[in-house]
Amino acid sequence: MNKVVGTSVSRKEGLAKVMGKAPYSAEHSISGIIHGYLVTSTIAKGRIQSIDTQAAEQAPGVIAVFTHNNRPLIFEPDNDFQNSKIYESRLPLSDDQIYYGGQIIGLVVADTFEQAREASQLIEVEYEVETPLVDSRQATYEPGISMFGESMTFSKGEFAAGNFEAGIANAAASIEATYETATELHSPMEPHAIIAHWQDSDSLTVYEPSQFVMNSQGTYAQLFGILPKKYASLPPTLAAPLARKRFLGPIVFFVPLLPVNSSAP
Amino acid sequence: MKQFSYVRASSPEDAVQRAIAHQESQFIAGGTNLVDRLKAFLDNPSELIDVSRLGLKEIETMPDGSIRIGAMVSNTAVANHHQIREHYPLLSRAILSGASQQIRNVATVGGNLLQRTRCPYYYDTAFACNKRQPESGCAARHGINRMHAILGASEKCIAVHPSDMCVALAALDAVVEVQGANGQRQIPFTEFHRLPGNTPQWDSNLEPGALITAVILPPNPAAKTGIYLKLRDRTSYAFALVSVAAMVAVEGDAIHHARLALGGVAHKPWRSLETESFLEGKTAASETFEQAAEIALQQAQPLSHNHFKVSMAQRAIKRAFTISAQGGSTA
Ligand SMILES: Cc1cc2nc3c(=O)[nH]c(=O)nc-3n(C[C@H](O)[C@H](O)[C@H](O)COP(=O)(O)OP(=O)(O)OC[C@H]3O[C@@H](n4cnc5c(N)ncnc54)[C@H](O)[C@@H]3O)c2cc1C
């Protein structure tokens, strides 16, 4: 067994990282690259009544605008942790339902980032607003997905409190002290950014921060119906652990979609 | 894409003339606030008038002993200036408690005065905001209003002014020198910014097209004991929940020349004249400062999420006055 505990192990990419030489995903330059900008829900719960993308489609530089009305074909992955894993089991743009604020409801693809962002502002959305449920005690516990064959369905917990005063009064010993923990904010240095590069119709290179490279590879393969071995996920550098980037979030599905539909890299 | 033109003004007069001739124009100095606002679709100027190359970069001592800081001096240069550090340490402290070194290197004094609120509902165009879009409503009032005002707010707006530097300037009786269509005038600092009332779209009393040319600090021997305390969620690179600029001069046991301004609590740096006159002549003692802190927050009207700001401000005031009465600290 190799000795890891108690040994100082240098990260392979450690030197490059501390020297600022490790490129972030978005720093890779690929010629002919096009850009996507997400449109997100401004309500927390409800339904999209209408989404008008006409003005955005006609804006300068815009290549395509995707919503639930014209989502390109993607396949449901196993999402079993073994072959593939995604954070949200509902695929984005599946339908007109809104489950949370900031949910992805559209994607604008344009020649430049600025054009895509500008056009995203021209999209008019009308919602049927419902009141979101924000109290976990009232949550319904629906069957969850399974992982490695085991059910991950959570059940409603029971909360109970004993009698602290009585307990401490009868305790054999007690100490009194104040412990404080300052708020810690988790701020990854690299925001989510992904570049997808289709070499041909069934081979794809993805540049993304990931802690789970093999699994991402499998997930992409299932989502886009390509053979895993044809597909290479090459993170230039591994994301730092716990950088909020373990599994594929809903954002990533889109990136590889763009080129498929526009036949540009 | 929204198009705008970019011009460099050749003199303060030229800048003002252009701004008045071109109603939809905006001045740009360091750009650290304005460029963010442009990217967030909050402002839509048809012309940017660059005022960063007009000179106005001097910090000078005037014949009457006051210090005149040019509007284009960087925040860093003010904070590091030897005379500011020696005579107005709270100003140096206030500036260094804000933003980051890189931002302070670029940010100017004029721009700092006119930076706009960080109210998240102002920044997010999906929400109603009377400051961004007059008469559209205020989503913050019944939203997450933890960061918002507890003093001087209105039905229309509960936003707070985000600047640290301005809180110190308010306590120091600074004067803002501006160049307008009708020449130069001076505005006492406490009259420069305004409360929201029914027109929260206006942050200040600066007339359209007018340019800030300098900030003047009157001589103030008591300022050496001045304190700036900033309380925030994170100990660096965060805006204030509450901040306090305070000073007292103590002779024998008696207080004179008390000054108090609060940040993070109102639409403008909040100077508390009642507290100051209460303190005048009183004994420098713990109860005195406790009472002073109570007076300062008497009019407070906390919102659903920010009751904590009242006691936080009171404790900070007491602490700042206590340190100041002991001679302050250096910058
Ligand atoms: C990430 C971040 C964190 C920050 N944290 C803090 C903080 O903790 N505390 C704090 O106090 N500040 C903070 N700031 C704000 C910073 O201090 C201001 O952005 C800066 O002072 C603005 O100066 P500027 O020269 O860049 O202004 P600009 O962005 O160029 O201009 C700001 C505004 O002032 C106007 N203007 C500029 N100069 C003049 C002039 N001479 N006359 C008339 N109008 C003028 C412009 O038209 C514009 O509306 C932060 C900023 C950022 C980006």
# chains A, B, ... in the order shown; residues from 1 in each chain; ligands from 1
$ residues_near_ligand --ligand "ligand 1" --cutoff "7 Å" --atoms "only C-alpha atoms and all ligand atoms" --output "ChimeraX atom specification"
/B:26-35,51,71-72,75,95,97-100,103-104,106-115,162-165,210-213,237-240
$ interface_residues --of "chain A" --to "chain B" --cutoff "9 Å" --atoms "only C-alpha atoms" --output "VMD selection string"
chain A and resid 42 59 to 60 114 to 115 118 to 119 121 182 to 185
$ write_last_selection --atoms "N, CA and C atoms" --output "compact mmCIF listing (two decimals), in the first residue's frame"
# COMPACT_ATOMS: atom_id res chain seq x y z
N THR A 42 -36.84 34.39 -13.21
CA THR A 42 -36.87 35.47 -12.21
C THR A 42 -37.95 35.20 -11.16
N ALA A 59 -31.19 39.78 -33.03
CA ALA A 59 -30.12 40.68 -32.56
C ALA A 59 -28.81 40.34 -33.25
N PRO A 60 -27.93 41.33 -33.41
CA PRO A 60 -26.68 41.11 -34.12
C PRO A 60 -25.84 39.98 -33.50
N GLU A 114 -20.58 39.17 -25.44
CA GLU A 114 -21.35 40.39 -25.26
C GLU A 114 -22.63 40.38 -26.07
N GLN A 115 -22.54 39.86 -27.30
CA GLN A 115 -23.75 39.80 -28.14
C GLN A 115 -24.78 38.85 -27.52
N GLU A 118 -26.28 40.58 -24.48
CA GLU A 118 -27.17 41.66 -24.91
C GLU A 118 -28.51 41.08 -25.39
N ALA A 119 -28.43 40.05 -26.22
CA ALA A 119 -29.66 39.47 -26.77
C ALA A 119 -30.51 38.83 -25.67
N GLN A 121 -31.16 39.91 -22.93
CA GLN A 121 -31.99 40.94 -22.30
C GLN A 121 -33.25 41.24 -23.11
N ALA A 182 -16.69 32.04 13.03
CA ALA A 182 -17.00 33.13 12.11
C ALA A 182 -17.63 32.55 10.85
N THR A 183 -18.42 33.35 10.21
CA THR A 183 -19.03 32.94 8.95
C THR A 183 -17.92 32.68 7.94
N GLU A 184 -18.03 31.59 7.23
CA GLU A 184 -17.05 31.35 6.18
C GLU A 184 -17.76 31.38 4.84
N LEU A 185 -17.20 32.10 3.95
CA LEU A 185 -17.81 32.18 2.62
C LEU A 185 -16.97 31.38 1.65
$ select_by_dssp --residues "range 119-175 of chain B" --states "helix (DSSP H, G or I)" --output "list in words"
Pro120, Tyr121, Tyr122, Tyr123, Met165, Cys166, Val167, Ala168, Leu169, Ala170 and Ala171 of chain B
$ residues_around --residues "Ile187 in chain B" --least-positions-apart "5" --cutoff "7 Å" --atoms "only C-alpha atoms" --output "PyMOL selection string"
chain B and resi 175-177+192
$ closest_residue --among "B:Val215, B:Val178, B:Ser5, B:Glu274" --to "Lys57 in chain B" --atoms "only C-alpha atoms"
B:Val215
$ select_by_dssp --residues "range 20-153 of chain A" --states "strand (DSSP E or B)" --output "ChimeraX atom specification"
/A:35-40,46-52,62-66,86,97-98,104-110,124-129,146-147,150-151
$ write_last_selection --atoms "C-alpha atoms" --output "PDB file, in the first residue's frame"
ATOM      1  CA  HIS A  35     -20.565  31.823 -26.889  1.00  0.00           C
ATOM      2  CA  GLY A  36     -23.613  30.931 -24.869  1.00  0.00           C
ATOM      3  CA  TYR A  37     -25.431  33.061 -22.311  1.00  0.00           C
ATOM      4  CA  LEU A  38     -28.042  31.616 -19.982  1.00  0.00           C
ATOM      5  CA  VAL A  39     -31.492  33.017 -19.431  1.00  0.00           C
ATOM      6  CA  THR A  40     -32.695  32.234 -15.923  1.00  0.00           C
ATOM      7  CA  GLY A  46     -44.706  28.543 -11.404  1.00  0.00           C
ATOM      8  CA  ARG A  47     -44.992  28.076 -15.127  1.00  0.00           C
ATOM      9  CA  ILE A  48     -43.727  29.845 -18.185  1.00  0.00           C
ATOM     10  CA  GLN A  49     -46.801  31.152 -19.935  1.00  0.00           C
ATOM     11  CA  SER A  50     -44.950  32.514 -22.898  1.00  0.00           C
ATOM     12  CA  ILE A  51     -41.387  33.182 -23.869  1.00  0.00           C
ATOM     13  CA  ASP A  52     -40.806  35.539 -26.751  1.00  0.00           C
ATOM     14  CA  VAL A  62     -27.052  35.721 -32.593  1.00  0.00           C
ATOM     15  CA  ILE A  63     -26.826  32.191 -33.936  1.00  0.00           C
ATOM     16  CA  ALA A  64     -29.593  30.475 -31.999  1.00  0.00           C
ATOM     17  CA  VAL A  65     -31.896  30.844 -29.035  1.00  0.00           C
ATOM     18  CA  PHE A  66     -32.978  27.705 -27.166  1.00  0.00           C
ATOM     19  CA  ILE A  86     -25.885  14.915 -12.835  1.00  0.00           C
ATOM     20  CA  GLN A  97     -42.264  24.353 -15.155  1.00  0.00           C
ATOM     21  CA  ILE A  98     -40.278  26.542 -12.793  1.00  0.00           C
ATOM     22  CA  ILE A 104     -32.242  27.892 -16.551  1.00  0.00           C
ATOM     23  CA  ILE A 105     -35.062  28.646 -18.969  1.00  0.00           C
ATOM     24  CA  GLY A 106     -33.153  29.560 -22.083  1.00  0.00           C
ATOM     25  CA  LEU A 107     -29.836  29.883 -23.793  1.00  0.00           C
ATOM     26  CA  VAL A 108     -28.668  32.455 -26.301  1.00  0.00           C
ATOM     27  CA  VAL A 109     -25.822  31.525 -28.621  1.00  0.00           C
ATOM     28  CA  ALA A 110     -23.915  34.254 -30.419  1.00  0.00           C
ATOM     29  CA  GLU A 124     -39.687  38.542 -22.820  1.00  0.00           C
ATOM     30  CA  VAL A 125     -41.006  35.943 -20.417  1.00  0.00           C
ATOM     31  CA  GLU A 126     -44.488  35.824 -18.955  1.00  0.00           C
ATOM     32  CA  TYR A 127     -44.993  33.643 -15.932  1.00  0.00           C
ATOM     33  CA  GLU A 128     -47.881  32.103 -14.109  1.00  0.00           C
ATOM     34  CA  VAL A 129     -46.582  32.704 -10.611  1.00  0.00           C
ATOM     35  CA  SER A 146     -30.647   5.631  -6.641  1.00  0.00           C
ATOM     36  CA  MET A 147     -26.904   5.507  -6.391  1.00  0.00           C
ATOM     37  CA  GLU A 150     -29.197   1.896  -3.485  1.00  0.00           C
ATOM     38  CA  SER A 151     -32.244   4.046  -3.022  1.00  0.00           C
TER      39      SER A 151
END
$ residues_around --residues "range 73-85 of chain A" --least-positions-apart "6" --cutoff "7 Å" --atoms "only C-alpha atoms" --output "list in words"
Ser146, Met147, Phe148, Asn215, Ser216, Gly218, Thr219, Gln222, Leu223, Phe224, Gly225, Phe247 and Leu248 of chain A
$ write_last_selection --atoms "N, CA, C and O atoms" --output "short mmCIF file (atom, residue, chain, number, x, y, z; two decimals), in the first residue's frame"
data_model
loop_
_atom_site.label_atom_id
_atom_site.label_comp_id
_atom_site.auth_asym_id
_atom_site.auth_seq_id
_atom_site.Cartn_x
_atom_site.Cartn_y
_atom_site.Cartn_z
N SER A 146 -31.47 6.56 -7.41
CA SER A 146 -30.65 5.63 -6.64
C SER A 146 -29.19 5.78 -7.05
O SER A 146 -28.87 6.24 -8.13
N MET A 147 -28.33 5.42 -6.14
CA MET A 147 -26.90 5.51 -6.39
C MET A 147 -26.29 4.15 -6.15
O MET A 147 -26.52 3.56 -5.08
N PHE A 148 -25.52 3.67 -7.06
CA PHE A 148 -24.92 2.34 -6.97
C PHE A 148 -26.00 1.32 -6.58
O PHE A 148 -25.78 0.47 -5.72
N ASN A 215 -16.31 10.20 -14.65
CA ASN A 215 -17.75 10.20 -14.58
C ASN A 215 -18.35 11.26 -15.51
O ASN A 215 -19.36 11.02 -16.17
N SER A 216 -17.69 12.40 -15.60
CA SER A 216 -18.17 13.43 -16.52
C SER A 216 -18.16 12.89 -17.93
O SER A 216 -19.08 13.11 -18.72
N GLY A 218 -18.47 9.85 -18.93
CA GLY A 218 -19.59 8.95 -19.12
C GLY A 218 -20.91 9.71 -19.26
O GLY A 218 -21.77 9.36 -20.07
N THR A 219 -21.03 10.74 -18.44
CA THR A 219 -22.28 11.51 -18.46
C THR A 219 -22.48 12.20 -19.80
O THR A 219 -23.55 12.15 -20.40
N GLN A 222 -23.49 9.74 -22.46
CA GLN A 222 -24.90 9.34 -22.41
C GLN A 222 -25.82 10.47 -22.86
O GLN A 222 -26.77 10.26 -23.61
N LEU A 223 -25.50 11.66 -22.42
CA LEU A 223 -26.36 12.80 -22.77
C LEU A 223 -26.44 13.02 -24.27
O LEU A 223 -27.49 13.34 -24.81
N PHE A 224 -25.30 12.88 -24.91
CA PHE A 224 -25.26 13.22 -26.33
C PHE A 224 -25.25 12.00 -27.23
O PHE A 224 -25.12 12.13 -28.44
N GLY A 225 -25.37 10.84 -26.62
CA GLY A 225 -25.44 9.62 -27.41
C GLY A 225 -24.19 9.37 -28.22
O GLY A 225 -24.25 9.08 -29.41
N PHE A 247 -20.06 17.25 -9.51
CA PHE A 247 -20.81 16.61 -10.60
C PHE A 247 -21.20 17.66 -11.62
O PHE A 247 -21.05 18.84 -11.42
N LEU A 248 -21.78 17.19 -12.65
CA LEU A 248 -22.20 18.13 -13.68
C LEU A 248 -23.48 18.83 -13.26
O LEU A 248 -24.47 18.19 -12.96
#
$ atom_distance --atom1 "CA of Pro196 in chain B" --atom2 "CA of Cys157 in chain B"
6.1 Å
$ residues_around --residues "range 263-267 of chain B" --least-positions-apart "6" --cutoff "9 Å" --atoms "only C-alpha atoms" --output "ChimeraX atom specification"
/B:117,147-153,157-164,166-168,193-196,200,203,230,239-245,309,313
$ atom_distance --atom1 "CA of Ile144 in chain B" --atom2 "CA of Gln201 in chain B"
20.6 Å
$ residues_around --residues "Cys129 in chain B" --least-positions-apart "5" --cutoff "9 Å" --atoms "only C-alpha atoms" --output "count of residues only"
13
